[in-house]
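Asks: One structure coming up, written as structure tokens, with questions to follow.
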Amino acid sequence: SPIKLTISLLVSNRIQTIRKCMESLKPILQAVPSELIAVDTIGEDNSDGSLDVVREYTDQIVHFDWTGDFSAARNAGLELAKGEWFLYVDDDEWFDDPTEIIEFFQTGEYMEYGFAQYTVRNYFDESFSKYSIGWVSRMIHRTPEMRFIHPVHEMFFPFYHPEKKFTRVFAHHVGYVFKNQEEREQHSQRNLPPLLKELERYPHNLRILMQIVQEYQFREEYETAEEYCRRGEENEDRSYEPAWNWIMSALVAVQAAQEKWEKTLTEGRRILELPRLNELARMNIVYLMCLAAERIRDFEKQLENAKEYIRLAQYFDENPDRLLEQVMLSLGDVLLEDRQENIYNSLFSSCKSLERYEELCVLSKNMNWGQPYMHKRLYWLLLAEAAAKTGDYDCLTQMVEKICTLEPESAEWMNTIQEICQQVCKEQFYLRKAIARVNTDKPYFLLLKAWCAEQDGGNVQAALQKCLEHGMDCAVPREELLGICLRAGIDPTPFLEPLYLEDWVVSFSQLVKNTPKDELQHLLDCAQNILRPLREQQYFVLSKMIRQRMLDDPAFPEGQLWETARAYADNILGYYHHIYQDQHSQH
């Protein structure tokens with residue numbers, strides 16, 4: 001059948017990644033009528049073994065004497081192409097999953113477009129933990145007049161719309177992973193001279209200007225980068241607006257890279273007023289301004305820019321097509337999780353510093369609490385504090401509701417929720433009620449519902465029955481079930497029976513520890529009335545712990561010391577008498 005796709009590859013001694021590259025292309029070659037052309041830029045004598053790997057996948061290999069001109073090398077592969085479409089790749093990159101490209105050809109969708117884009121993750125370290133994400137135009141409907149232009153960061157010309165954006169395809173790229181600073185400088189020295197020469201030929205080309213700025217940023221020559229940014233700002237060419245927006249964002253970024261925080265803020269404010277600025281460039285600038293404000297402890301500006309960032313993030317959530325239109329090179333990195341985490345750190349800390357508790361409560365209702373970067377103990381405790389100070393407990397309910405819906409129960413966030421509920425403050429009752437309103441049958445929440453029923457004079461028996469239906473006992477962290485039973489005059493046996501000795505001892509200890517001092521006597525009376533007739537051994541342990549805590553209190557009334565100490569000793573004797581009696585009866 002006619003060849004639908006030509007894939008062209010430059011081979012340049014990347015033995016560590018060449019096979020990954022070939023294997024990622026293999027599904028496309030098998031599923032789509034296609035061909036693979038390898039352009040050898042190194043020669044047989046200089047190959048590190050890459051050419052031998054390539055021969056396992058194709059016999060179309062053309063040699064190209066390397067001249068430092070990427071377009072010339074690409075055109076060498078293009079001249080041999082027979083496919084309706086042309087895709088070019090490098091040997092230091094590989095597709096994660098090319099399924100969407102395969103579907104593009106199998107469904108006939110390729111006939112409706114002129115060129116296509118997908119995203120590339122450009123890694124900066126060997127662990128692949130640091131990377132930027134950018135769109136690349138690597139696939140085109142081939143025409144007789146098509147050729148590659150520009151010796152560095154080459155591109156095909158001409159190209160015709162409409163454009164297809166693959167949203168489920170991305171490539172890994174390790175071309176920016178350098179072993180040392182010397183290797184990084186060599187890469188820059190290779191790229192910069194031809195880019196500057198191209199700019200002389202095309203002085204108004206914003207794309208070339210953008211790449212020059214990027215190279216000077218890599219070299220940490222920020223003053224020179226700033227000069228080219230200002231040259232770009234004055235450029236009136238509207239044919240390549242994404243590059244202009246990138247340059248405007250870079251103009252603020254070079255100030256921040258030099259830790260010129262005041263200038264970052266003033267330059268950012270000025271550029272935000274420019275009518276040509278798009279939403280993604282604006283988002284990058286307010287992100288940098290937020291960090292600058294944090295460094296100089298200007299909490300008002302920090303909060304202002306954090307809020308604007310979040311507003312723009314929500315805008316892109318609602319308008320994903322606009323995001324696809326505006327992403328250029330690393331501009332989309334501003335939406336990475338670490339950037340969003342920085343913004344929320346700024347938001348919470350500035351609200352705390354400014355005591356903007358009402359504002360924090362309002363903002364929290366639109367936050368995406370399901371994201372991993374939102375799972376911070378500090379955020380939850382600050383929101384609980386804000387709810388307590390403003391009386392807006394709904395924000396706390398909504399936060400916990402979203403977390404319960406989106407995330408499985410984990411020890412970390414359950415511990416934090418319990419920490420909120422155990423705060424010794426007059427608002428504790430309302431904090432607990434707010435969390436108890438969450439619509440879930442998770443054990444700790446059922447416990448809170450039983451506690452609320454006790455406090456409000458509700459149906460405690462029904463609430464405890466629901467706990468039993470879900471297989472709950474009173475082991476830590478559910479020790480409060482025992483306290484609820486005792487205070488309500490309900491038999492706690494069903495919650496104690498499943499526990500081993502060490503479990504209920506720990507549970508009793510935690511219950512006594514969390515009981516306010518002025519409620520200890522009431523708990524002791526309830527244990528005497530309810531627990532002793534039913535489970536005398538457990539009664540002796542609980543009453544001993546309660547009296548021990550009373551005696552440890554320096555403020556305990558001196559007139560009651562002897563009586564309480566005697567009762568404490570009786571508890572110990574009663575417990576061991578009970579044990580020996582049990583052992584004797586067993587024998």
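Here, A, B, ... name the chains of the structure tokens in the order displayed, residue numbers run from 1 inside each chain, and ligands are numbered from 1 in the same displayed order.
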So that I can see what lies close to stretch 565-568 of chain A, please list as a PDB file with N, CA and C atoms, in the first residue's frame the residues with an atom at most 8 Å from it, counting only C-alpha atoms and leaving out residues fewer than 4 positions away in the same chain.
Replies:
```pdb
ATOM      1  N   SER A 543      -9.803   2.460  85.656  1.00  0.00           N
ATOM      2  CA  SER A 543      -9.889   3.306  86.856  1.00  0.00           C
ATOM      3  C   SER A 543      -8.504   3.580  87.435  1.00  0.00           C
ATOM      4  N   LYS A 544      -7.588   2.590  87.368  1.00  0.00           N
ATOM      5  CA  LYS A 544      -6.205   2.817  87.818  1.00  0.00           C
ATOM      6  C   LYS A 544      -5.548   3.928  87.006  1.00  0.00           C
ATOM      7  N   ARG A 547      -7.049   7.387  87.950  1.00  0.00           N
ATOM      8  CA  ARG A 547      -6.576   7.877  89.258  1.00  0.00           C
ATOM      9  C   ARG A 547      -5.084   8.227  89.215  1.00  0.00           C
ATOM     10  N   GLN A 548      -4.336   7.497  88.404  1.00  0.00           N
ATOM     11  CA  GLN A 548      -2.911   7.807  88.276  1.00  0.00           C
ATOM     12  C   GLN A 548      -2.721   9.198  87.669  1.00  0.00           C
ATOM     13  N   LEU A 551      -3.493  11.780  90.317  1.00  0.00           N
ATOM     14  CA  LEU A 551      -2.420  11.914  91.301  1.00  0.00           C
ATOM     15  C   LEU A 551      -1.187  12.611  90.730  1.00  0.00           C
ATOM     16  N   LEU A 561      -5.873  13.380  98.344  1.00  0.00           N
ATOM     17  CA  LEU A 561      -4.739  12.544  97.943  1.00  0.00           C
ATOM     18  C   LEU A 561      -4.794  11.151  98.558  1.00  0.00           C
ATOM     19  N   ILE A 572      -5.204  -1.691  91.646  1.00  0.00           N
ATOM     20  CA  ILE A 572      -4.107  -2.586  91.268  1.00  0.00           C
ATOM     21  C   ILE A 572      -4.321  -3.965  91.890  1.00  0.00           C
TER      22      ILE A 572
END
```
Asks: Please, which residues of stretch 20-93 of chain A, numbered as in this document, come out alpha helix (DSSP H) from DSSP, as a PyMOL selection string?
Replies: chain A and resi 20-31+50-55+70-78
Asks: I'd like the neighbourhood of A:Glu300 as a list in words, where a residue qualifies if any of its atoms comes within 10 Å (using only C-alpha atoms), though same-chain residues fewer than 6 positions away should be ignored.
Replies: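 Using only C-alpha atoms, the neighbours found are Cys290, Ala293, Glu294, Ala306, Ser350, Cys351, Ser353 and Leu354 of chain A.
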Asks: With only C-alpha atoms as the basis for distance, which of A:Pro275, A:Gly134, A:Pro33, A:Pro242 is at the shortest distance from A:Ile102?
Replies: A:Pro33
Asks: Looking at only C-alpha atoms, which of A:Lys130, A:Arg549, A:Arg142, A:Arg432 is the one that sits closest to A:Ala116?
Replies: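 Smallest separation from A:Ala116 among the options: A:Arg142.
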Asks: Do you know which residues are at most 8 Å from A:Glu358 counting only C-alpha atoms, after dropping those on the same chain fewer than 3 positions away, and could you put them as an MDAnalysis selection string?
Replies: chainID A and resid 361:362 386 390 392
Asks: Would you list the contacts of A:Gln217 as number ranges by chain, taking every protein, DNA or RNA residue within 12 Å and counting only C-alpha atoms, but skipping same-chain residues closer than 2 positions in sequence?
Replies: A: 184-185, 188, 192, 210-215, 219-229, 247, 250-251, 253-258
Asks: Which residues come within 8 Å of A:Ile484, counting only C-alpha atoms, excluding same-chain residues fewer than 5 positions away, as a list in words?
Replies: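 These residues fall inside the cut-off: Ala450, Trp451 and Glu454 of chain A.
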Asks: Near A:Gln30, counting only C-alpha atoms, which residues have an atom at most 12 Å away, once you skip same-chain residues fewer than 3 positions from it, shown as a list in words?
Replies: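 Here the qualifying residues turn out to be Leu5, Glu23, Ser24, Leu25, Lys26, Pro27, Pro33, Ser34, Glu35, Leu36, Tyr57, Pro98, Thr99, Ile102 and Gln106 of chain A.
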Asks: I'd like the interatomic distance between atom CA of A:Asp298 and atom CA of A:Ala388, to a tenth of an Å.
Replies: 26.0 Å
Asks: Find, counting only C-alpha atoms, the residue in A:Leu324, A:Glu337, A:Leu447, A:Leu363 that gets nearest to A:Ile310.
Replies: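 So, comparing all the options, the nearest one is A:Leu363.
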Asks: Have a look at A:Gln314, A:Glu427, A:Arg230, A:His150 and name the one nearest to A:Tyr202; count only C-alpha atoms.
Replies: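 Using only C-alpha atoms, the shortest distance to A:Tyr202 belongs to A:His150.
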Asks: Using only C-alpha atoms, find the one residue out of A:Met472, A:Val32, A:Met550, A:Val53 that sits nearest to A:Glu519.
Replies: A:Met550
Asks: Interatomic distance between atom CA of A:Lys82 and atom CA of A:Arg19?
Replies: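 Going from atom CA of A:Lys82 over to atom CA of A:Arg19 covers 24.3 Å.
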